[in-house]
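Here the structure comes first, spelled out in structure tokens, and everything after it is commentary.
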Amino acid sequence: MSEPRRCGWAEGTFPEYVRYHDEEWGVPARDDHRQFEFLILESAQAGLSWATILKRREGYRRAFASFDPVRVSRFRRPRIERLLENPAIIRNRAKVEAAVNNAKRFLEVQQEFGSFSAYIWGFVGGIPVVNRWRRDDEVPSTSEAAAALTRDMKVRGFRFVGNTILYAHMQATGLVNDHLVSCFRHRQVIREE
């Protein structure tokens with residue numbers, strides 16, 4: 001039995017990467033827990049490969065209180081210093097401090113909009129943007145919606161949230177379906193909405 005066709009970036013990689021592509025990437029996420037997890041992970045990725053972060057995902061889960069924004073928002077200096085010694089995550093002070101800051105901002109957005117998901121999905125009109133790319137080199141690294149989201153989140157005080165980071169977040173959480181049309185997940189993800 002032959003392997004299904006996938007997006008080029010998921011071909012010939014390690015099993016967790018293929019599983020991430022096949023089961024998670026592009027699936028519409030409307031729950032705040034998943035949104036917060038990917039906000040932390042995508043911000044940590046800045047300047048690194050997604051594979052680097054994916055290999056440390058469980059380390060991040062343990063280090064960042066199972067991605068609970070309330071608990072992360074309460075991290076104080078001693079906890080941050082311990083995180084900077086944790087080899088299971090990327091030990092970058094600016095990224096770790098941004099995660100704590102962003103947890104506080106995340107809770108503020110929840111308070112204002114009822115949920116972070118309601119807020120972020122508003123940037124795509126509440127429904128996934130379904131692109132129809134045929135080649136990997138057609139897939140953009142940002143969009144107008146990501147740029148608008150970036151501007152708004154920066155005004156709200158979020159850090160490590162540039163256009164490329166937030167576009168990757170939108171792809172990961174299904175606000176954008178950027179699976180290639182030849183990929184077996186393109187149609188499946190549309191049906192999962």
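We name chains A, B, ... following the order of the structure tokens; residues begin at 1 in each chain, and ligands are numbered from 1 as shown.
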Residue neighbourhood Arg57 in chain A, 12 Å, only C-alpha atoms, exclusion window fewer than 3 positions, as a tab-separated table (two decimals) with N, CA and C atoms, in the first residue's frame:
```
chain	number	residue	atom	x	y	z
A	16	GLU	N	6.87	12.01	14.18
A	16	GLU	CA	6.04	13.00	14.88
A	16	GLU	C	5.66	14.15	13.96
A	17	TYR	N	6.56	14.49	13.05
A	17	TYR	CA	6.31	15.58	12.10
A	17	TYR	C	5.20	15.18	11.12
A	20	TYR	N	1.96	15.15	12.98
A	20	TYR	CA	1.49	16.53	13.16
A	20	TYR	C	0.79	17.01	11.88
A	37	GLU	N	-1.78	27.07	23.36
A	37	GLU	CA	-0.64	26.19	23.12
A	37	GLU	C	0.13	26.64	21.88
A	38	PHE	N	-0.56	26.88	20.79
A	38	PHE	CA	0.13	27.25	19.56
A	38	PHE	C	0.67	28.67	19.61
A	40	ILE	N	2.14	29.93	22.23
A	40	ILE	CA	3.44	29.72	22.88
A	40	ILE	C	4.42	29.04	21.93
A	41	LEU	N	3.99	27.97	21.29
A	41	LEU	CA	4.89	27.20	20.43
A	41	LEU	C	5.34	27.99	19.20
A	42	GLU	N	4.43	28.69	18.56
A	42	GLU	CA	4.81	29.46	17.36
A	42	GLU	C	5.73	30.62	17.73
A	44	ALA	N	7.83	30.59	20.19
A	44	ALA	CA	9.12	29.97	20.49
A	44	ALA	C	9.87	29.62	19.21
A	45	GLN	N	9.13	29.37	18.15
A	45	GLN	CA	9.74	28.96	16.89
A	45	GLN	C	10.51	30.09	16.21
A	50	TRP	N	10.28	24.48	12.68
A	50	TRP	CA	9.16	23.90	13.42
A	50	TRP	C	9.56	22.55	14.00
A	51	ALA	N	10.42	21.81	13.30
A	51	ALA	CA	10.87	20.52	13.80
A	51	ALA	C	11.55	20.67	15.16
A	52	THR	N	12.33	21.71	15.32
A	52	THR	CA	13.02	21.97	16.59
A	52	THR	C	12.01	22.12	17.73
A	53	ILE	N	10.94	22.84	17.47
A	53	ILE	CA	9.91	23.07	18.50
A	53	ILE	C	9.08	21.81	18.72
A	54	LEU	N	8.71	21.14	17.63
A	54	LEU	CA	7.88	19.95	17.75
A	54	LEU	C	8.58	18.88	18.59
A	60	TYR	N	7.74	21.65	26.55
A	60	TYR	CA	6.97	22.89	26.71
A	60	TYR	C	5.70	22.65	27.50
A	61	ARG	N	5.04	21.54	27.23
A	61	ARG	CA	3.81	21.21	27.97
A	61	ARG	C	4.09	21.14	29.47
A	62	ARG	N	5.17	20.45	29.84
A	62	ARG	CA	5.52	20.35	31.27
A	62	ARG	C	5.97	21.70	31.83
A	63	ALA	N	6.79	22.41	31.09
A	63	ALA	CA	7.34	23.68	31.58
A	63	ALA	C	6.30	24.77	31.69
A	64	PHE	N	5.31	24.75	30.80
A	64	PHE	CA	4.31	25.80	30.77
A	64	PHE	C	2.93	25.31	31.22
A	66	SER	N	0.98	22.72	31.26
A	66	SER	CA	0.03	22.12	30.31
A	66	SER	C	-0.70	23.17	29.48
A	67	PHE	N	0.01	24.26	29.21
A	67	PHE	CA	-0.51	25.37	28.41
A	67	PHE	C	-1.77	25.98	29.02
A	88	ALA	N	14.66	21.16	28.12
A	88	ALA	CA	13.54	20.62	27.36
A	88	ALA	C	12.83	21.69	26.53
A	89	ILE	N	13.21	22.96	26.71
A	89	ILE	CA	12.61	24.06	25.94
A	89	ILE	C	13.74	24.91	25.35
A	90	ILE	N	13.37	25.88	24.54
A	90	ILE	CA	14.34	26.84	24.01
A	90	ILE	C	14.59	27.86	25.12
```
Show me, as a short mmCIF file (atom, residue, chain, number, x, y, z; two decimals) with N, CA, C and O atoms, in the first residue's frame, the residues that have an atom within 9 Å of range 98-111 of chain A when counting only C-alpha atoms, minus same-chain residues fewer than 3 positions from it.
```
data_model
loop_
_atom_site.label_atom_id
_atom_site.label_comp_id
_atom_site.auth_asym_id
_atom_site.auth_seq_id
_atom_site.Cartn_x
_atom_site.Cartn_y
_atom_site.Cartn_z
N ASP A 32 -9.87 27.61 23.25
CA ASP A 32 -8.80 28.49 23.69
C ASP A 32 -7.55 27.75 24.14
O ASP A 32 -6.44 28.26 24.00
N PHE A 36 -3.93 28.80 22.79
CA PHE A 36 -2.83 29.24 23.66
C PHE A 36 -1.59 28.38 23.47
O PHE A 36 -0.47 28.90 23.43
N LEU A 39 0.07 29.54 20.39
CA LEU A 39 0.64 30.87 20.57
C LEU A 39 2.02 30.76 21.21
O LEU A 39 2.99 31.39 20.77
N ILE A 40 2.14 29.93 22.23
CA ILE A 40 3.44 29.72 22.88
C ILE A 40 4.42 29.04 21.93
O ILE A 40 5.56 29.49 21.77
N SER A 43 5.50 31.25 18.87
CA SER A 43 6.38 32.32 19.31
C SER A 43 7.77 31.78 19.63
O SER A 43 8.78 32.43 19.33
N ALA A 44 7.83 30.59 20.19
CA ALA A 44 9.12 29.97 20.49
C ALA A 44 9.87 29.62 19.21
O ALA A 44 11.11 29.58 19.19
N PHE A 64 5.31 24.75 30.80
CA PHE A 64 4.31 25.80 30.77
C PHE A 64 2.93 25.31 31.22
O PHE A 64 1.90 25.64 30.63
N ASP A 68 -1.73 26.15 30.32
CA ASP A 68 -2.83 26.81 31.04
C ASP A 68 -2.49 28.29 31.16
O ASP A 68 -1.58 28.66 31.90
N PRO A 69 -3.21 29.17 30.45
CA PRO A 69 -2.84 30.59 30.47
C PRO A 69 -2.97 31.24 31.85
O PRO A 69 -2.20 32.15 32.17
N VAL A 70 -3.88 30.79 32.66
CA VAL A 70 -4.03 31.35 34.01
C VAL A 70 -2.77 31.05 34.82
O VAL A 70 -2.19 31.95 35.45
N ARG A 71 -2.35 29.80 34.81
CA ARG A 71 -1.16 29.43 35.58
C ARG A 71 0.10 30.10 35.03
O ARG A 71 0.93 30.60 35.78
N VAL A 72 0.24 30.13 33.69
CA VAL A 72 1.43 30.74 33.09
C VAL A 72 1.47 32.24 33.40
O VAL A 72 2.54 32.80 33.66
N SER A 73 0.32 32.89 33.43
CA SER A 73 0.28 34.33 33.72
C SER A 73 0.80 34.65 35.12
O SER A 73 1.19 35.78 35.39
N ARG A 74 0.82 33.65 36.00
CA ARG A 74 1.27 33.84 37.38
C ARG A 74 2.75 33.51 37.59
O ARG A 74 3.24 33.62 38.71
N PHE A 75 3.44 33.09 36.53
CA PHE A 75 4.87 32.80 36.66
C PHE A 75 5.60 34.06 37.08
O PHE A 75 5.41 35.13 36.49
N ARG A 76 6.44 33.94 38.08
CA ARG A 76 7.23 35.07 38.57
C ARG A 76 8.71 34.83 38.26
O ARG A 76 9.10 33.81 37.72
N ILE A 80 10.70 31.84 36.09
CA ILE A 80 11.29 32.18 34.79
C ILE A 80 12.76 31.80 34.77
O ILE A 80 13.26 31.20 33.80
N ARG A 93 15.62 33.99 26.93
CA ARG A 93 14.93 34.83 27.92
C ARG A 93 13.79 35.62 27.31
O ARG A 93 12.68 35.67 27.85
N ALA A 94 14.03 36.23 26.16
CA ALA A 94 12.98 37.06 25.55
C ALA A 94 11.75 36.22 25.21
O ALA A 94 10.61 36.66 25.41
N LYS A 95 11.96 35.00 24.73
CA LYS A 95 10.83 34.14 24.37
C LYS A 95 10.09 33.63 25.60
O LYS A 95 8.86 33.58 25.61
N GLY A 114 -14.90 37.25 25.27
CA GLY A 114 -15.57 36.03 25.69
C GLY A 114 -14.70 34.80 25.50
O GLY A 114 -14.80 33.85 26.24
N SER A 115 -13.83 34.84 24.51
CA SER A 115 -12.84 33.79 24.28
C SER A 115 -11.78 34.34 23.33
O SER A 115 -12.05 35.25 22.53
N PHE A 116 -10.58 33.77 23.41
CA PHE A 116 -9.54 34.14 22.47
C PHE A 116 -9.92 33.67 21.07
O PHE A 116 -9.66 34.35 20.08
N SER A 117 -10.56 32.51 20.99
CA SER A 117 -10.98 31.98 19.69
C SER A 117 -11.93 32.94 18.98
O SER A 117 -11.80 33.16 17.78
N ALA A 118 -12.89 33.50 19.71
CA ALA A 118 -13.81 34.46 19.09
C ALA A 118 -13.03 35.65 18.53
O ALA A 118 -13.33 36.13 17.43
N TYR A 119 -12.04 36.08 19.26
CA TYR A 119 -11.20 37.21 18.82
C TYR A 119 -10.43 36.86 17.55
O TYR A 119 -10.54 37.55 16.53
N MET A 153 -2.59 42.67 17.83
CA MET A 153 -2.01 42.01 19.00
C MET A 153 -0.87 42.82 19.59
O MET A 153 -0.72 42.88 20.82
N ARG A 156 -2.20 45.45 21.73
CA ARG A 156 -2.69 44.86 22.98
C ARG A 156 -1.55 44.41 23.89
O ARG A 156 -1.79 43.93 24.98
N GLY A 157 -0.31 44.55 23.43
CA GLY A 157 0.84 44.25 24.28
C GLY A 157 1.44 42.86 24.12
O GLY A 157 2.34 42.49 24.88
N PHE A 158 0.97 42.07 23.15
CA PHE A 158 1.59 40.76 22.90
C PHE A 158 2.99 40.97 22.35
O PHE A 158 3.27 41.95 21.67
N ARG A 159 3.87 40.01 22.64
CA ARG A 159 5.25 40.06 22.14
C ARG A 159 5.57 38.78 21.37
O ARG A 159 4.94 37.76 21.58
N PHE A 160 6.57 38.85 20.50
CA PHE A 160 6.97 37.75 19.61
C PHE A 160 5.78 37.32 18.75
O PHE A 160 5.49 36.13 18.62
#
```
Discussion item. Residues within 8 Å of Val176 in chain A, please, as an MDAnalysis selection string. Count only C-alpha atoms; anything in the same chain fewer than 6 positions from it doesn't count.
Written reply: chainID A and resid 26 128:131 170
Selection export as a PDB file, in the first residue's frame, atoms kept: N, CA, C and O atoms:
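Once written, selection-v2.pdb looks like this:
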```pdb
ATOM      1  N   GLY A  26      -3.711  22.565  10.296  1.00  0.00           N
ATOM      2  CA  GLY A  26      -4.821  23.022   9.474  1.00  0.00           C
ATOM      3  C   GLY A  26      -6.193  22.664   9.982  1.00  0.00           C
ATOM      4  O   GLY A  26      -7.201  23.104   9.423  1.00  0.00           O
ATOM      5  N   PRO A 128     -12.729  29.289   7.988  1.00  0.00           N
ATOM      6  CA  PRO A 128     -11.374  29.104   7.476  1.00  0.00           C
ATOM      7  C   PRO A 128     -11.202  29.641   6.053  1.00  0.00           C
ATOM      8  O   PRO A 128     -12.096  29.519   5.222  1.00  0.00           O
ATOM      9  N   VAL A 129     -10.060  30.229   5.815  1.00  0.00           N
ATOM     10  CA  VAL A 129      -9.666  30.617   4.459  1.00  0.00           C
ATOM     11  C   VAL A 129      -9.125  29.349   3.807  1.00  0.00           C
ATOM     12  O   VAL A 129      -8.180  28.742   4.312  1.00  0.00           O
ATOM     13  N   VAL A 130      -9.732  28.932   2.722  1.00  0.00           N
ATOM     14  CA  VAL A 130      -9.310  27.712   2.029  1.00  0.00           C
ATOM     15  C   VAL A 130      -8.546  28.114   0.772  1.00  0.00           C
ATOM     16  O   VAL A 130      -9.131  28.628  -0.182  1.00  0.00           O
ATOM     17  N   ASN A 131      -7.248  27.904   0.825  1.00  0.00           N
ATOM     18  CA  ASN A 131      -6.414  28.201  -0.337  1.00  0.00           C
ATOM     19  C   ASN A 131      -6.288  26.959  -1.200  1.00  0.00           C
ATOM     20  O   ASN A 131      -6.555  25.838  -0.754  1.00  0.00           O
ATOM     21  N   MET A 170      -2.007  30.771  12.324  1.00  0.00           N
ATOM     22  CA  MET A 170      -3.281  30.639  11.611  1.00  0.00           C
ATOM     23  C   MET A 170      -3.329  29.338  10.807  1.00  0.00           C
ATOM     24  O   MET A 170      -4.373  28.683  10.741  1.00  0.00           O
TER      25      MET A 170
END
```
Item to complete: Tell me which of A:Thr164, A:Thr150, A:Thr173, A:Thr13 sits closest to Asp31 in chain A, counting only C-alpha atoms.
Response: A:Thr173
Worksheet item: CA of Phe113 in chain A to CA of Ser143 in chain A: how many Å, to one decimal?
Response: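 If I compute the distance from CA of Phe113 in chain A to CA of Ser143 in chain A, I get 23.1 Å.
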Worksheet entry | Distance in Å - CA of Arg151 in chain A versus CA of Phe123 in chain A |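 That distance, rounded to one decimal, is 11.6 Å.
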Worksheet item: With only C-alpha atoms as the atoms that count, which of A:Arg132, A:Lys55, A:His169, A:Arg79 lies nearest to Phe14 in chain A?
Response: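 Residue with the minimum atom-to-atom distance to Phe14 in chain A: A:Lys55.
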Worksheet item: Can you list, as a PyMOL selection string, every residue of range 19-186 of chain A that DSSP puts in helix (DSSP H, G or I)?
Response: chain A and resi 19-23+32-45+50-54+57-63+65-67+69-73+77-83+93-113+116-124+136-138+144-155+163-172+184-186
Practice prompt. Give me the residues within 8 Å of Leu149 in chain A as number ranges by chain, counting only C-alpha atoms and dropping any in the same chain fewer than 6 places off.
Written response: A: 120, 123, 163, 166
Item to complete: Could you check which of A:Ala172, A:Phe184, A:Asn177, A:Ser2 is closest to Glu24 in chain A, using only C-alpha atoms?
Response: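 Nearest candidate to Glu24 in chain A out of A:Ala172, A:Phe184, A:Asn177, A:Ser2: A:Ala172.
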Practice prompt. Go ahead and compute the interatomic distance for CA of Ala46 in chain A and CA of Arg91 in chain A, in Å to one decimal.
Written response: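 CA of Arg91 in chain A lies 12.7 Å from CA of Ala46 in chain A.
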If you count only C-alpha atoms, which residues fall within 12 Å of Asp137 in chain A, apart from same-chain ones fewer than 4 positions away, as a CSV table (one decimal) with C-alpha atoms, in the first residue's frame?
```csv
chain,number,residue,atom,x,y,z
A,7,CYS,CA,2.5,18.6,1.5
A,8,GLY,CA,6.1,18.7,0.6
A,9,TRP,CA,7.3,20.0,3.9
A,133,TRP,CA,-2.0,25.9,-3.7
A,141,SER,CA,4.6,33.2,4.7
A,178,ASP,CA,-2.8,25.8,3.3
A,180,LEU,CA,-1.7,21.6,-1.1
```
Practice prompt. Please give the complete set of residues from chain A that DSSP, run on the backbone, assigns to strand (DSSP E or B), formatted as a PyMOL selection string.
Written response: chain A and resi 129-130+176-177
Would you write out those residues with C-alpha atoms, as a short mmCIF file (atom, residue, chain, number, x, y, z; two decimals), in the first residue's frame?
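What follows is the written file part_38.cif:
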```cif
data_model
loop_
_atom_site.label_atom_id
_atom_site.label_comp_id
_atom_site.auth_asym_id
_atom_site.auth_seq_id
_atom_site.Cartn_x
_atom_site.Cartn_y
_atom_site.Cartn_z
CA VAL A 129 -9.67 30.62 4.46
CA VAL A 130 -9.31 27.71 2.03
CA VAL A 176 -6.13 29.01 7.00
CA ASN A 177 -6.09 25.73 5.07
#
```
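Minimum atom-to-atom distances from A:Ile127, A:Ala10, A:Ala145, A:Val155 to Ala29 in chain A were compared using only C-alpha atoms, and the lowest value belongs to A:Ile127.
The smallest atom-to-atom distance between Leu48 in chain A and any of A:Glu3, A:Val139, A:Val189, A:Ile165, using only C-alpha atoms, is found for A:Ile165.
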